[in-house]
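J.: Below is the structure I would like to discuss, written out as C-alpha cells.
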Amino acid sequence: NDIYDFLAGSSQACGVRSSFQRWEGEHFLAAAGKRMWLTVEDNVHPLLFDDNIKRTEDSVVAVRARRRRGDRFVTLTCEETQPLHDAMLLQADIIQAILNPDYFIDSVAKCEANFDKLMQDQQWRAGLDREQEIRSPVTVAQPRGAA
C-alpha cells in the first residue's frame with residue numbers, strides 16, 4: 001500500500017527501477033515482472049510503456065489490482081490482464097518511437113480512451129472481487145542487507 005500511495009499521490013510521472021536479474025531468475029514469469037498497481041475507484045490512470053510487454057505469461061509486467069482503497073490487491077492472471085493492453089499496458093514500438101515525434105502523445109491518447117471504457121466495464125471490475133489473491137510461484141525478494 002505504501003508504494004501505491006506514493007505513486008498515486010504524485011502529480012508527476014514516476015519511474016520505478018526493476019530488476020531484470022530477478023525476472024530472469026524467476027524464468028521470466030509475468031508475476032515476477034515489473035509491478036503495476038491499480039485501484040479502480042481512484043482517479044489514477046497507471047500507464048506502462050515497455051517493448052517487452054506481451055499478452056503471454058512471459059510478459060514483463062505483473063498487475064496488482066483492487067476495486068477500492070482498503071481492499072487487498074490481487075495479482076491478475078494473464079487472462080485478466082488482456083483487457084489492460086492498450087489501456088494501461090502498451091508494448092512500445094521502438095522504431096515508431098524514434099521516427100514519429102507524436103508517437104507517445106498519440107499512444108497516450110489511445111490508452112486514455114481505452115482506459116475510460118475499461119473502467120466502465122462492470123464485468124471486468126467484478127472480477128476483482130475475489131476473496132483470495134492468486135498465488136504465484138514467485139519468491140519474495142529480500143531488501144539488500146536484510147537478514
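Naming works like this for the C-alpha cells: A, B, ... for the chains as they're shown, residue 1 at the start of each chain, ligands 1 onward in shown order.
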Check chain A with DSSP on the backbone and list each residue it calls alpha helix (DSSP H), as a ChimeraX atom specification.
T.: /A:2-8,20-25,78-81,94-99,103-119,122-126
J.: If you keep C-alpha atoms, can you produce a file of those selected residues as a PDB file, in the first residue's frame?
T.:
```pdb
ATOM      1  CA  ASP A   2       2.834   2.438   0.756  1.00  0.00           C
ATOM      2  CA  ILE A   3       4.271   2.159  -2.752  1.00  0.00           C
ATOM      3  CA  TYR A   4       0.831   2.553  -4.323  1.00  0.00           C
ATOM      4  CA  ASP A   5       0.051   5.571  -2.135  1.00  0.00           C
ATOM      5  CA  PHE A   6       3.347   7.191  -3.118  1.00  0.00           C
ATOM      6  CA  LEU A   7       2.820   6.636  -6.836  1.00  0.00           C
ATOM      7  CA  ALA A   8      -0.892   7.527  -6.827  1.00  0.00           C
ATOM      8  CA  PHE A  20      15.987  -7.945 -14.881  1.00  0.00           C
ATOM      9  CA  GLN A  21      18.059 -10.458 -12.917  1.00  0.00           C
ATOM     10  CA  ARG A  22      15.147 -11.214 -10.591  1.00  0.00           C
ATOM     11  CA  TRP A  23      12.726 -11.603 -13.507  1.00  0.00           C
ATOM     12  CA  GLU A  24      15.215 -13.856 -15.286  1.00  0.00           C
ATOM     13  CA  GLY A  25      15.760 -15.875 -12.082  1.00  0.00           C
ATOM     14  CA  CYS A  78      -2.598 -13.412 -17.832  1.00  0.00           C
ATOM     15  CA  GLU A  79      -6.231 -13.764 -18.951  1.00  0.00           C
ATOM     16  CA  GLU A  80      -7.425 -10.993 -16.608  1.00  0.00           C
ATOM     17  CA  THR A  81      -4.660  -8.730 -17.876  1.00  0.00           C
ATOM     18  CA  ILE A  94      10.821   1.316 -30.595  1.00  0.00           C
ATOM     19  CA  ILE A  95      11.085   2.205 -34.285  1.00  0.00           C
ATOM     20  CA  GLN A  96       7.913   4.337 -34.230  1.00  0.00           C
ATOM     21  CA  ALA A  97       9.042   5.989 -31.004  1.00  0.00           C
ATOM     22  CA  ILE A  98      12.151   7.144 -32.874  1.00  0.00           C
ATOM     23  CA  LEU A  99      10.574   8.030 -36.227  1.00  0.00           C
ATOM     24  CA  TYR A 103       4.203   8.539 -31.053  1.00  0.00           C
ATOM     25  CA  PHE A 104       3.916   8.880 -27.276  1.00  0.00           C
ATOM     26  CA  ILE A 105       1.254  11.611 -27.426  1.00  0.00           C
ATOM     27  CA  ASP A 106      -0.875   9.528 -29.808  1.00  0.00           C
ATOM     28  CA  SER A 107      -0.306   6.376 -27.750  1.00  0.00           C
ATOM     29  CA  VAL A 108      -1.328   8.057 -24.502  1.00  0.00           C
ATOM     30  CA  ALA A 109      -4.494   9.425 -26.144  1.00  0.00           C
ATOM     31  CA  LYS A 110      -5.411   5.914 -27.363  1.00  0.00           C
ATOM     32  CA  CYS A 111      -4.725   4.433 -23.922  1.00  0.00           C
ATOM     33  CA  GLU A 112      -6.789   7.113 -22.176  1.00  0.00           C
ATOM     34  CA  ALA A 113      -9.826   6.375 -24.367  1.00  0.00           C
ATOM     35  CA  ASN A 114      -9.476   2.619 -23.830  1.00  0.00           C
ATOM     36  CA  PHE A 115      -8.902   3.053 -20.077  1.00  0.00           C
ATOM     37  CA  ASP A 116     -12.099   5.091 -19.695  1.00  0.00           C
ATOM     38  CA  LYS A 117     -14.071   2.300 -21.413  1.00  0.00           C
ATOM     39  CA  LEU A 118     -12.404  -0.364 -19.262  1.00  0.00           C
ATOM     40  CA  MET A 119     -13.252   1.435 -16.013  1.00  0.00           C
ATOM     41  CA  GLN A 122     -18.767  -3.877 -14.796  1.00  0.00           C
ATOM     42  CA  GLN A 123     -17.909  -7.469 -15.730  1.00  0.00           C
ATOM     43  CA  TRP A 124     -14.167  -6.752 -15.639  1.00  0.00           C
ATOM     44  CA  ARG A 125     -14.497  -4.820 -12.368  1.00  0.00           C
ATOM     45  CA  ALA A 126     -16.461  -7.657 -10.772  1.00  0.00           C
TER      46      ALA A 126
END
```
J.: I'd like the neighbourhood of Asp58 of chain A as a list in words, where a residue qualifies if any of its atoms comes within 6 Å (using only C-alpha atoms), though same-chain residues fewer than 3 positions away should be ignored.
T.: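 Contacts, with the query itself left out: Phe28, Leu29 and Ala30 of chain A.
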J.: Could you please take those selected residues and save N, CA, C and O atoms as a PDB file, in the first residue's frame?
T.:
```pdb
ATOM      1  N   PHE A  28      11.269 -15.672 -16.194  1.00  0.00           N
ATOM      2  CA  PHE A  28      10.541 -14.682 -16.987  1.00  0.00           C
ATOM      3  C   PHE A  28       9.021 -14.743 -16.800  1.00  0.00           C
ATOM      4  O   PHE A  28       8.268 -14.368 -17.693  1.00  0.00           O
ATOM      5  N   LEU A  29       8.568 -15.169 -15.640  1.00  0.00           N
ATOM      6  CA  LEU A  29       7.131 -15.169 -15.343  1.00  0.00           C
ATOM      7  C   LEU A  29       6.637 -13.739 -15.157  1.00  0.00           C
ATOM      8  O   LEU A  29       7.303 -12.921 -14.523  1.00  0.00           O
ATOM      9  N   ALA A  30       5.458 -13.460 -15.677  1.00  0.00           N
ATOM     10  CA  ALA A  30       4.886 -12.120 -15.522  1.00  0.00           C
ATOM     11  C   ALA A  30       4.773 -11.734 -14.053  1.00  0.00           C
ATOM     12  O   ALA A  30       5.017 -10.588 -13.677  1.00  0.00           O
TER      13      ALA A  30
END
```
J.: Find the spatial neighbours of Val63 of chain A, counting only C-alpha atoms, within a cut-off of 8 Å - ignore same-chain residues fewer than 4 positions away - and output them as a PyMOL selection string.
T.: chain A and resi 31+35-38+75-76+81
J.: Emit the selected residues as a PDB file, in the first residue's frame, including N, CA and C atoms.
T.:
```pdb
ATOM      1  N   ALA A  31       4.420 -12.691 -13.191  1.00  0.00           N
ATOM      2  CA  ALA A  31       4.237 -12.397 -11.766  1.00  0.00           C
ATOM      3  C   ALA A  31       5.520 -11.895 -11.106  1.00  0.00           C
ATOM      4  N   ARG A  35       6.109  -4.285 -11.426  1.00  0.00           N
ATOM      5  CA  ARG A  35       4.820  -4.153 -10.740  1.00  0.00           C
ATOM      6  C   ARG A  35       4.038  -2.969 -11.282  1.00  0.00           C
ATOM      7  N   MET A  36       2.738  -3.182 -11.428  1.00  0.00           N
ATOM      8  CA  MET A  36       1.825  -2.093 -11.738  1.00  0.00           C
ATOM      9  C   MET A  36       0.625  -2.261 -10.835  1.00  0.00           C
ATOM     10  N   TRP A  37       0.264  -1.183 -10.135  1.00  0.00           N
ATOM     11  CA  TRP A  37      -0.857  -1.215  -9.207  1.00  0.00           C
ATOM     12  C   TRP A  37      -2.003  -0.403  -9.755  1.00  0.00           C
ATOM     13  N   LEU A  38      -3.219  -0.904  -9.535  1.00  0.00           N
ATOM     14  CA  LEU A  38      -4.424  -0.215  -9.974  1.00  0.00           C
ATOM     15  C   LEU A  38      -5.470  -0.301  -8.873  1.00  0.00           C
ATOM     16  N   THR A  75      -3.320 -10.276  -7.579  1.00  0.00           N
ATOM     17  CA  THR A  75      -2.473 -10.409  -8.756  1.00  0.00           C
ATOM     18  C   THR A  75      -3.327 -10.904  -9.905  1.00  0.00           C
ATOM     19  N   LEU A  76      -3.379 -10.139 -10.964  1.00  0.00           N
ATOM     20  CA  LEU A  76      -4.195 -10.528 -12.110  1.00  0.00           C
ATOM     21  C   LEU A  76      -3.508 -11.625 -12.914  1.00  0.00           C
ATOM     22  N   THR A  81      -5.461  -9.873 -17.443  1.00  0.00           N
ATOM     23  CA  THR A  81      -4.660  -8.730 -17.876  1.00  0.00           C
ATOM     24  C   THR A  81      -4.963  -8.333 -19.318  1.00  0.00           C
TER      25      THR A  81
END
```
J.: Which parts of segment 33-94 of chain A does DSSP call strand (DSSP E) when run on the backbone here, written out as a ChimeraX atom specification?
T.: /A:34-39,48-50,61-66,74-75,89-91
J.: My list of candidates is A:Glu26, A:Asp71, A:Asp121, A:Asp50. Which is closest to Leu90 of chain A when distances are computed with only C-alpha atoms?
T.: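 Closest to Leu90 of chain A of all the choices is A:Asp50.
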J.: Hey, can you check how far atom CA of Asn43 of chain A sits from atom CA of Asn100 of chain A?
T.: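 Going from atom CA of Asn43 of chain A over to atom CA of Asn100 of chain A covers 29.6 Å.
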J.: Set the distance at 8 Å and use only C-alpha atoms: which residues neighbour Arg67 of chain A once local chain neighbours fewer than 6 positions away are removed? I'd like the list as a VMD selection string.
T.: chain A and resid 39 to 41 125 128 to 129
